[in-house]
Every structure is written in structure tokens, then in C-alpha cells.
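Here's final-v7.pdb, which has PDB, C-alpha atoms, pLDDT in the B column:
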```
MODEL        1
ATOM      1  CA  MET A   1      22.162 -17.287   7.574  1.00 50.00           C
ATOM      2  CA  LYS A   2      21.465 -13.639   8.412  1.00 53.00           C
ATOM      3  CA  PRO A   3      17.842 -12.856   9.388  1.00 47.00           C
ATOM      4  CA  THR A   4      17.484 -10.634   6.326  1.00 48.00           C
ATOM      5  CA  ALA A   5      18.719 -13.409   4.045  1.00 50.00           C
ATOM      6  CA  LEU A   6      16.368 -15.908   5.680  1.00 44.00           C
ATOM      7  CA  ILE A   7      13.351 -13.644   5.213  1.00 47.00           C
ATOM      8  CA  ALA A   8      14.380 -12.922   1.631  1.00 48.00           C
ATOM      9  CA  ALA A   9      14.722 -16.649   0.985  1.00 50.00           C
ATOM     10  CA  LEU A  10      11.209 -17.179   2.290  1.00 46.00           C
ATOM     11  CA  PHE A  11       9.836 -14.351   0.114  1.00 47.00           C
ATOM     12  CA  PHE A  12      11.359 -15.645  -3.059  1.00 46.00           C
ATOM     13  CA  THR A  13      10.847 -19.372  -2.679  1.00 44.00           C
ATOM     14  CA  LEU A  14       7.106 -19.172  -2.153  1.00 41.00           C
ATOM     15  CA  PRO A  15       4.953 -18.788  -5.229  1.00 42.00           C
ATOM     16  CA  ALA A  16       3.343 -15.363  -5.436  1.00 41.00           C
ATOM     17  CA  HIS A  17      -0.134 -16.829  -5.036  1.00 38.00           C
ATOM     18  CA  ALA A  18       0.853 -18.296  -1.668  1.00 42.00           C
ATOM     19  CA  HIS A  19       1.000 -14.776  -0.241  1.00 43.00           C
ATOM     20  CA  LYS A  20      -2.528 -13.769  -1.157  1.00 50.00           C
ATOM     21  CA  ALA A  21      -5.351 -14.829  -3.418  1.00 57.00           C
ATOM     22  CA  HIS A  22      -5.311 -13.635  -7.025  1.00 60.00           C
ATOM     23  CA  VAL A  23      -7.283 -10.372  -7.182  1.00 71.00           C
ATOM     24  CA  HIS A  24      -7.818  -8.458 -10.414  1.00 75.00           C
ATOM     25  CA  GLY A  25      -6.205  -5.036 -10.287  1.00 89.00           C
ATOM     26  CA  GLU A  26      -4.065  -5.907  -7.284  1.00 96.00           C
ATOM     27  CA  GLY A  27      -0.427  -6.922  -7.423  1.00 97.00           C
ATOM     28  CA  ARG A  28       2.174  -8.039  -4.931  1.00 97.00           C
ATOM     29  CA  LEU A  29       5.732  -6.769  -4.446  1.00 98.00           C
ATOM     30  CA  ASP A  30       8.193  -8.273  -1.975  1.00 98.00           C
ATOM     31  CA  VAL A  31      11.413  -6.343  -1.371  1.00 98.00           C
ATOM     32  CA  ALA A  32      14.547  -7.602   0.371  1.00 98.00           C
ATOM     33  CA  ILE A  33      17.491  -5.297   1.015  1.00 97.00           C
ATOM     34  CA  GLU A  34      20.795  -6.802   2.040  1.00 97.00           C
ATOM     35  CA  GLY A  35      24.074  -4.938   1.844  1.00 96.00           C
ATOM     36  CA  ASP A  36      24.294  -3.284  -1.561  1.00 97.00           C
ATOM     37  CA  LYS A  37      21.622  -5.528  -3.092  1.00 98.00           C
ATOM     38  CA  ILE A  38      17.877  -4.902  -3.511  1.00 98.00           C
ATOM     39  CA  THR A  39      15.786  -7.862  -4.649  1.00 98.00           C
ATOM     40  CA  LEU A  40      12.221  -7.263  -5.833  1.00 98.00           C
ATOM     41  CA  ALA A  41       9.725 -10.073  -6.455  1.00 98.00           C
ATOM     42  CA  LEU A  42       6.679  -8.888  -8.375  1.00 98.00           C
ATOM     43  CA  ALA A  43       3.424 -10.695  -9.174  1.00 97.00           C
ATOM     44  CA  LEU A  44       0.632  -9.060 -11.169  1.00 96.00           C
ATOM     45  CA  PRO A  45      -2.583 -10.531 -12.564  1.00 95.00           C
ATOM     46  CA  LEU A  46      -2.343 -10.574 -16.351  1.00 95.00           C
ATOM     47  CA  ASP A  47      -5.747  -8.873 -16.484  1.00 94.00           C
ATOM     48  CA  ALA A  48      -4.242  -5.767 -14.823  1.00 95.00           C
ATOM     49  CA  VAL A  49      -1.467  -5.766 -17.415  1.00 96.00           C
ATOM     50  CA  THR A  50      -3.263  -6.516 -20.700  1.00 95.00           C
ATOM     51  CA  GLY A  51      -6.994  -6.441 -19.971  1.00 93.00           C
ATOM     52  CA  PHE A  52      -7.353 -10.187 -20.579  1.00 92.00           C
ATOM     53  CA  GLU A  53      -6.328 -13.309 -18.738  1.00 90.00           C
ATOM     54  CA  ARG A  54      -6.155 -16.019 -21.375  1.00 90.00           C
ATOM     55  CA  ALA A  55      -4.178 -16.794 -24.470  1.00 91.00           C
ATOM     56  CA  PRO A  56      -4.297 -13.838 -26.887  1.00 93.00           C
ATOM     57  CA  LYS A  57      -7.016 -14.230 -29.525  1.00 94.00           C
ATOM     58  CA  ASN A  58      -5.890 -11.713 -32.149  1.00 96.00           C
ATOM     59  CA  ASP A  59      -2.942  -9.624 -33.322  1.00 97.00           C
ATOM     60  CA  LYS A  60      -3.870  -6.696 -31.066  1.00 96.00           C
ATOM     61  CA  GLU A  61      -3.839  -8.929 -27.974  1.00 95.00           C
ATOM     62  CA  LYS A  62      -0.602 -10.615 -29.086  1.00 95.00           C
ATOM     63  CA  ALA A  63       0.988  -7.182 -29.473  1.00 97.00           C
ATOM     64  CA  ALA A  64      -0.262  -6.102 -26.012  1.00 95.00           C
ATOM     65  CA  LEU A  65       1.264  -9.223 -24.452  1.00 96.00           C
ATOM     66  CA  ALA A  66       4.584  -8.753 -26.293  1.00 97.00           C
ATOM     67  CA  SER A  67       4.705  -5.068 -25.315  1.00 97.00           C
ATOM     68  CA  ALA A  68       4.064  -5.943 -21.663  1.00 97.00           C
ATOM     69  CA  GLU A  69       6.801  -8.584 -21.695  1.00 97.00           C
ATOM     70  CA  LYS A  70       9.267  -6.099 -23.179  1.00 98.00           C
ATOM     71  CA  LEU A  71       8.394  -3.551 -20.475  1.00 98.00           C
ATOM     72  CA  PHE A  72       8.727  -6.111 -17.664  1.00 98.00           C
ATOM     73  CA  ASN A  73      12.249  -6.833 -18.904  1.00 98.00           C
ATOM     74  CA  ASP A  74      13.165  -3.138 -18.458  1.00 98.00           C
ATOM     75  CA  ALA A  75      13.536  -2.892 -14.671  1.00 98.00           C
ATOM     76  CA  GLY A  76      14.761   0.689 -14.876  1.00 97.00           C
ATOM     77  CA  ALA A  77      11.519   1.756 -16.554  1.00 97.00           C
ATOM     78  CA  LEU A  78       9.451   0.196 -13.750  1.00 98.00           C
ATOM     79  CA  PHE A  79      11.429   0.848 -10.563  1.00 98.00           C
ATOM     80  CA  ALA A  80      13.510   3.801  -9.368  1.00 98.00           C
ATOM     81  CA  PRO A  81      15.392   3.394  -6.091  1.00 98.00           C
ATOM     82  CA  THR A  82      16.405   6.600  -4.272  1.00 98.00           C
ATOM     83  CA  PRO A  83      18.701   8.396  -6.782  1.00 98.00           C
ATOM     84  CA  ALA A  84      21.358   9.163  -4.129  1.00 98.00           C
ATOM     85  CA  ALA A  85      21.832   5.408  -3.580  1.00 98.00           C
ATOM     86  CA  ASN A  86      23.197   5.167  -7.134  1.00 98.00           C
ATOM     87  CA  CYS A  87      21.574   1.807  -7.925  1.00 98.00           C
ATOM     88  CA  ALA A  88      21.837  -0.086 -11.205  1.00 98.00           C
ATOM     89  CA  VAL A  89      19.962  -3.090 -12.548  1.00 98.00           C
ATOM     90  CA  HIS A  90      21.947  -6.259 -11.915  1.00 98.00           C
ATOM     91  CA  SER A  91      19.541  -8.948 -13.171  1.00 98.00           C
ATOM     92  CA  VAL A  92      15.997  -9.448 -14.443  1.00 98.00           C
ATOM     93  CA  GLU A  93      13.901 -12.630 -14.610  1.00 98.00           C
ATOM     94  CA  VAL A  94      10.407 -12.424 -16.104  1.00 98.00           C
ATOM     95  CA  GLY A  95       7.848 -15.218 -16.134  1.00 97.00           C
ATOM     96  CA  MET A  96       4.980 -14.603 -18.517  1.00 95.00           C
ATOM     97  CA  PRO A  97       1.885 -16.853 -18.364  1.00 92.00           C
ATOM     98  CA  LYS A  98       2.041 -20.080 -20.355  1.00 86.00           C
ATOM     99  CA  PHE A  99      -1.762 -20.408 -20.763  1.00 85.00           C
ATOM    100  CA  ASP A 100      -1.728 -24.091 -19.907  1.00 78.00           C
ATOM    101  CA  GLY A 101      -5.129 -24.146 -18.258  1.00 67.00           C
ATOM    102  CA  GLY A 102      -6.425 -22.799 -15.005  1.00 66.00           C
ATOM    103  CA  GLU A 103      -8.544 -19.756 -14.429  1.00 67.00           C
ATOM    104  CA  HIS A 104      -5.960 -17.130 -13.527  1.00 76.00           C
ATOM    105  CA  ALA A 105      -2.775 -15.968 -15.195  1.00 90.00           C
ATOM    106  CA  ASP A 106      -0.080 -13.924 -13.480  1.00 93.00           C
ATOM    107  CA  VAL A 107       3.079 -12.180 -14.584  1.00 96.00           C
ATOM    108  CA  GLU A 108       5.902 -12.892 -12.159  1.00 97.00           C
ATOM    109  CA  ALA A 109       9.229 -11.093 -12.228  1.00 98.00           C
ATOM    110  CA  ARG A 110      12.331 -10.866 -10.098  1.00 98.00           C
ATOM    111  CA  TYR A 111      14.622  -7.854 -10.233  1.00 98.00           C
ATOM    112  CA  VAL A 112      17.978  -7.315  -8.544  1.00 98.00           C
ATOM    113  CA  PHE A 113      19.570  -3.888  -8.208  1.00 98.00           C
ATOM    114  CA  ARG A 114      23.063  -3.181  -6.850  1.00 98.00           C
ATOM    115  CA  CYS A 115      23.660   0.156  -5.127  1.00 98.00           C
ATOM    116  CA  ALA A 116      26.967   2.031  -4.911  1.00 98.00           C
ATOM    117  CA  ASN A 117      25.712   3.980  -1.865  1.00 97.00           C
ATOM    118  CA  PRO A 118      23.212   1.666  -0.096  1.00 96.00           C
ATOM    119  CA  ALA A 119      23.121   3.845   3.048  1.00 95.00           C
ATOM    120  CA  ALA A 120      21.319   6.517   1.000  1.00 97.00           C
ATOM    121  CA  LEU A 121      18.528   4.113  -0.031  1.00 97.00           C
ATOM    122  CA  LYS A 122      15.287   5.424   1.467  1.00 96.00           C
ATOM    123  CA  GLY A 123      12.696   4.122  -0.954  1.00 97.00           C
ATOM    124  CA  ILE A 124      11.711   2.804  -4.360  1.00 98.00           C
ATOM    125  CA  GLU A 125       9.285   4.491  -6.721  1.00 98.00           C
ATOM    126  CA  THR A 126       7.345   2.392  -9.192  1.00 98.00           C
ATOM    127  CA  ALA A 127       5.988   3.392 -12.591  1.00 98.00           C
ATOM    128  CA  LEU A 128       3.774   0.291 -12.781  1.00 98.00           C
ATOM    129  CA  PHE A 129       0.611   2.358 -12.300  1.00 98.00           C
ATOM    130  CA  LYS A 130       1.562   4.672 -15.177  1.00 97.00           C
ATOM    131  CA  HIS A 131       2.031   1.739 -17.546  1.00 97.00           C
ATOM    132  CA  PHE A 132      -0.830  -0.478 -16.384  1.00 96.00           C
ATOM    133  CA  LYS A 133      -3.991   1.566 -15.849  1.00 95.00           C
ATOM    134  CA  ARG A 134      -6.007  -1.449 -14.647  1.00 96.00           C
ATOM    135  CA  LEU A 135      -3.618  -1.874 -11.698  1.00 97.00           C
ATOM    136  CA  TYR A 136      -5.014  -0.008  -8.711  1.00 97.00           C
ATOM    137  CA  ARG A 137      -3.146  -1.481  -5.752  1.00 97.00           C
ATOM    138  CA  LEU A 138       0.230  -3.047  -5.032  1.00 98.00           C
ATOM    139  CA  GLU A 139       0.602  -4.764  -1.675  1.00 98.00           C
ATOM    140  CA  THR A 140       4.221  -4.694  -0.541  1.00 98.00           C
ATOM    141  CA  GLN A 141       6.352  -6.346   2.098  1.00 98.00           C
ATOM    142  CA  ARG A 142       9.884  -5.206   2.803  1.00 97.00           C
ATOM    143  CA  THR A 143      12.755  -6.485   4.877  1.00 97.00           C
ATOM    144  CA  GLY A 144      16.123  -4.862   5.271  1.00 95.00           C
ATOM    145  CA  PRO A 145      18.598  -3.214   7.619  1.00 92.00           C
ATOM    146  CA  THR A 146      15.928  -0.822   8.942  1.00 89.00           C
ATOM    147  CA  GLY A 147      13.571  -3.696   9.784  1.00 93.00           C
ATOM    148  CA  GLN A 148      10.439  -5.034   8.176  1.00 96.00           C
ATOM    149  CA  GLY A 149       7.340  -3.331   6.915  1.00 96.00           C
ATOM    150  CA  ALA A 150       4.282  -3.584   4.748  1.00 97.00           C
ATOM    151  CA  GLN A 151       2.820  -0.831   2.649  1.00 97.00           C
ATOM    152  CA  ARG A 152       0.050  -0.422   0.089  1.00 98.00           C
ATOM    153  CA  LEU A 153       1.039   1.447  -3.051  1.00 98.00           C
ATOM    154  CA  THR A 154      -1.550   3.092  -5.303  1.00 98.00           C
ATOM    155  CA  PRO A 155      -1.510   5.337  -8.377  1.00 98.00           C
ATOM    156  CA  LYS A 156      -1.535   8.350  -6.017  1.00 98.00           C
ATOM    157  CA  LYS A 157       1.102   6.851  -3.703  1.00 98.00           C
ATOM    158  CA  PRO A 158       3.596   4.956  -5.911  1.00 98.00           C
ATOM    159  CA  VAL A 159       6.615   5.152  -3.577  1.00 98.00           C
ATOM    160  CA  LEU A 160       7.636   2.433  -1.143  1.00 97.00           C
ATOM    161  CA  SER A 161       9.532   4.289   1.575  1.00 95.00           C
ATOM    162  CA  TRP A 162      11.172   3.530   4.899  1.00 93.00           C
TER     163      TRP A 162
ENDMDL
END
```
Could you rewrite the structure in this file as C-alpha cells?
Amino acid sequence: MKPTALIAALFFTLPAHAHKAHVHGEGRLDVAIEGDKITLALALPLDAVTGFERAPKNDKEKAALASAEKLFNDAGALFAPTPAANCAVHSVEVGMPKFDGGEHADVEARYVFRCANPAALKGIETALFKHFKRLYRLETQRTGPTGQGAQRLTPKKPVLSW
């Protein structure tokens, strides 16, 4: 197995909470780049997404949860790889909380993009901060042909670059 594939396998087989403790307002994004494929694993506290972290209690909260789920299923609205790389969404998997007990609820999603010109890929911009105002930090880890790195994204710095 290539080193990049091994690291990616490690990223995506561990539950998001294994990386770091659940912190309100702070999410986690792991990025693996291999060949023409970009895989993103995202974990966000539900509180940063909807303002609550329990089963919805009324129609307004149910609508907020449904709206968030719809947005999470639209990878192109949340992530924009370098335009010159000519990337397209290949697959999306979204795990919304099941509210089966426990104190914390997270949204977990996995996105795969395929790029026609992967050599031009220099970064990925996220619109998460525009959509989720309670999110103030996204801790990232990246592995790919240019090596590994970690970066903190914020509303003022929403681009993961290498």
C-alpha cells in the first residue's frame, strides 16, 4: 500500500472523535490526495451547525436540521478545490446524529472529488463558515503528493493550501 493510501486509510477508519475531543464551534477536516482523487472527512459538532445538540423539539429546529442535512449533501456548495484542477464531486456520504443518547452529537461526512488536472491542485476553499456562523475553527490534516500538513481554518482564513 502506498504511504498516502495508508495514511488516508488511517484518517478515515478512525472515528472523528478519536482525533480530538468534541469542542463546540470547532470542527475537524482530514484531507487525503492520491492521484486524481481528493477525499475529505469532515466532523462538526451539531451545535455549530444548528445551535442545538439534541433531538429537535419543534418545527423550526426540525427545519434547521433538515436544511443542514441538505447542505451537507451538496459537496460543491461546501468545498471548492483549485479551479484549474477541474475537480468534480464523485461521491458524498453524510451521517447525521441519531440522538440515541450521549451528551454530544456530531455531523460526519465524507466527500470524494475527482480532478481532471490534479497537478494544478493547490488548495481547497470551504464555505462552511459562511453557512454555519457558530463554527469558528476547523482543524485540518492533509496528506498527499506534496507531503503532510496541518492547518487551522477560520472564517477569515477559509482556504486549506499547500
For this session: Counting all atoms listed in the file, figure out which residue out of A:Arg114, A:Arg134, A:His104, A:Lys98 gets nearest to Val49 in chain A.
Result: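 Among A:Arg114, A:Arg134, A:His104, A:Lys98, it is A:Arg134 that comes nearest to Val49 in chain A.
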For this session: Rounded to one decimal place, report the CA of Thr82 in chain A-CA of His131 in chain A distance in Å.
Result: 20.2 Å
For this session: Considering only C-alpha atoms, state which residue in the set A:Leu135, A:Asp30, A:Val94, A:Ala88 is at the smallest distance from Glu69 in chain A.
Result: A:Val94
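Interatomic distance, CA of Asp59 in chain A against CA of Phe132 in chain A: 19.4 Å.
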For this session: Apply the PyMOL selection byres ((chain A and resi 34-46) around 8) to the displayed file and report the matching residues as a ChimeraX atom specification.
Result: /A:4-5,11-12,16,22-33,47-53,97,104-118,144-145
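Residues with any atom within 12 Å of Arg152 in chain A, counting all atoms listed in the file and excluding same-chain neighbours fewer than 2 positions away, are Glu26, Gly27, Arg28, Leu29, Asp30, Tyr136, Arg137, Leu138, Glu139, Thr140, Gln141, Arg142, Gly149, Ala150, Thr154, Pro155, Lys156, Lys157, Pro158, Val159, Leu160 and Ser161 of chain A.
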Selection above as a file: C-alpha atoms, as a compact mmCIF listing (two decimals), in the coordinates of the input:
```txt
# COMPACT_ATOMS: atom_id res chain seq x y z
CA GLU A 26 -4.07 -5.91 -7.28
CA GLY A 27 -0.43 -6.92 -7.42
CA ARG A 28 2.17 -8.04 -4.93
CA LEU A 29 5.73 -6.77 -4.45
CA ASP A 30 8.19 -8.27 -1.98
CA TYR A 136 -5.01 -0.01 -8.71
CA ARG A 137 -3.15 -1.48 -5.75
CA LEU A 138 0.23 -3.05 -5.03
CA GLU A 139 0.60 -4.76 -1.68
CA THR A 140 4.22 -4.69 -0.54
CA GLN A 141 6.35 -6.35 2.10
CA ARG A 142 9.88 -5.21 2.80
CA GLY A 149 7.34 -3.33 6.92
CA ALA A 150 4.28 -3.58 4.75
CA THR A 154 -1.55 3.09 -5.30
CA PRO A 155 -1.51 5.34 -8.38
CA LYS A 156 -1.54 8.35 -6.02
CA LYS A 157 1.10 6.85 -3.70
CA PRO A 158 3.60 4.96 -5.91
CA VAL A 159 6.62 5.15 -3.58
CA LEU A 160 7.64 2.43 -1.14
CA SER A 161 9.53 4.29 1.58
```
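Each of A:Leu78, A:Ala85, A:Ala55, A:Leu71 was checked against Lys122 in chain A using all atoms listed in the file; the smallest atom-to-atom distance is that of A:Ala85.
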Problem set entry | Selected residue of minimal separation from Lys57 in chain A among A:Ala77, A:Lys70, A:Lys130, A:Phe99, counting only C-alpha atoms |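 Distance minimum relative to Lys57 in chain A lands on A:Phe99.
With CA of Ser91 in chain A on one side and CA of Phe79 in chain A on the other, the separation reads 13.0 Å.
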For this session: Tell me which of A:Pro81, A:Gly147, A:Met96, A:Phe129 sits closest to Ala66 in chain A, counting all atoms listed in the file.
Result: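 Distance minimum relative to Ala66 in chain A lands on A:Met96.
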Exercise. Looking at A:Ala84, A:Asp100, A:His90, A:Thr146, which one is nearest to Leu121 in chain A, with distances taken over all atoms listed in the file?
Worked result: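 Closest candidate: A:Ala84.
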Some atoms are missing, so please complete range 124-138 of chain A with N, CA, C and O atoms and return it as an mmCIF file, keeping the file's coordinate frame.
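The new file result-v1.cif reads:
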```
data_model
loop_
_atom_site.group_PDB
_atom_site.id
_atom_site.type_symbol
_atom_site.label_atom_id
_atom_site.label_comp_id
_atom_site.auth_asym_id
_atom_site.auth_seq_id
_atom_site.Cartn_x
_atom_site.Cartn_y
_atom_site.Cartn_z
ATOM 1 N N ILE A 124 11.751 3.225 -2.955
ATOM 2 C CA ILE A 124 11.711 2.804 -4.360
ATOM 3 C C ILE A 124 10.399 3.285 -4.947
ATOM 4 O O ILE A 124 9.326 2.987 -4.411
ATOM 5 N N GLU A 125 10.484 4.037 -6.028
ATOM 6 C CA GLU A 125 9.285 4.491 -6.721
ATOM 7 C C GLU A 125 8.992 3.524 -7.860
ATOM 8 O O GLU A 125 9.904 3.038 -8.528
ATOM 9 N N THR A 126 7.712 3.263 -8.084
ATOM 10 C CA THR A 126 7.345 2.392 -9.192
ATOM 11 C C THR A 126 6.529 3.153 -10.229
ATOM 12 O O THR A 126 5.718 4.018 -9.881
ATOM 13 N N ALA A 127 6.756 2.827 -11.484
ATOM 14 C CA ALA A 127 5.988 3.392 -12.591
ATOM 15 C C ALA A 127 4.943 2.396 -13.089
ATOM 16 O O ALA A 127 4.325 2.615 -14.127
ATOM 17 N N LEU A 128 4.738 1.313 -12.358
ATOM 18 C CA LEU A 128 3.774 0.291 -12.781
ATOM 19 C C LEU A 128 2.390 0.884 -13.032
ATOM 20 O O LEU A 128 1.722 0.532 -14.006
ATOM 21 N N PHE A 129 1.953 1.789 -12.164
ATOM 22 C CA PHE A 129 0.611 2.358 -12.300
ATOM 23 C C PHE A 129 0.487 3.221 -13.548
ATOM 24 O O PHE A 129 -0.589 3.337 -14.121
ATOM 25 N N LYS A 130 1.580 3.846 -13.966
ATOM 26 C CA LYS A 130 1.562 4.672 -15.177
ATOM 27 C C LYS A 130 1.425 3.800 -16.424
ATOM 28 O O LYS A 130 0.791 4.187 -17.402
ATOM 29 N N HIS A 131 2.045 2.620 -16.381
ATOM 30 C CA HIS A 131 2.031 1.739 -17.546
ATOM 31 C C HIS A 131 0.808 0.838 -17.601
ATOM 32 O O HIS A 131 0.373 0.466 -18.691
ATOM 33 N N PHE A 132 0.277 0.481 -16.446
ATOM 34 C CA PHE A 132 -0.830 -0.478 -16.384
ATOM 35 C C PHE A 132 -2.006 0.151 -15.654
ATOM 36 O O PHE A 132 -2.127 0.078 -14.435
ATOM 37 N N LYS A 133 -2.890 0.777 -16.415
ATOM 38 C CA LYS A 133 -3.991 1.566 -15.849
ATOM 39 C C LYS A 133 -5.014 0.710 -15.099
ATOM 40 O O LYS A 133 -5.765 1.226 -14.282
ATOM 41 N N ARG A 134 -5.058 -0.575 -15.358
ATOM 42 C CA ARG A 134 -6.007 -1.449 -14.647
ATOM 43 C C ARG A 134 -5.465 -1.877 -13.278
ATOM 44 O O ARG A 134 -6.179 -2.488 -12.501
ATOM 45 N N LEU A 135 -4.217 -1.570 -12.993
ATOM 46 C CA LEU A 135 -3.618 -1.874 -11.698
ATOM 47 C C LEU A 135 -3.963 -0.735 -10.742
ATOM 48 O O LEU A 135 -3.669 0.420 -11.010
ATOM 49 N N TYR A 136 -4.627 -1.059 -9.640
ATOM 50 C CA TYR A 136 -5.014 -0.008 -8.711
ATOM 51 C C TYR A 136 -4.387 -0.158 -7.324
ATOM 52 O O TYR A 136 -4.481 0.742 -6.503
ATOM 53 N N ARG A 137 -3.739 -1.283 -7.072
ATOM 54 C CA ARG A 137 -3.146 -1.481 -5.752
ATOM 55 C C ARG A 137 -1.986 -2.467 -5.860
ATOM 56 O O ARG A 137 -2.056 -3.452 -6.577
ATOM 57 N N LEU A 138 -0.931 -2.167 -5.110
ATOM 58 C CA LEU A 138 0.230 -3.047 -5.032
ATOM 59 C C LEU A 138 0.538 -3.236 -3.548
ATOM 60 O O LEU A 138 0.890 -2.283 -2.852
#
```
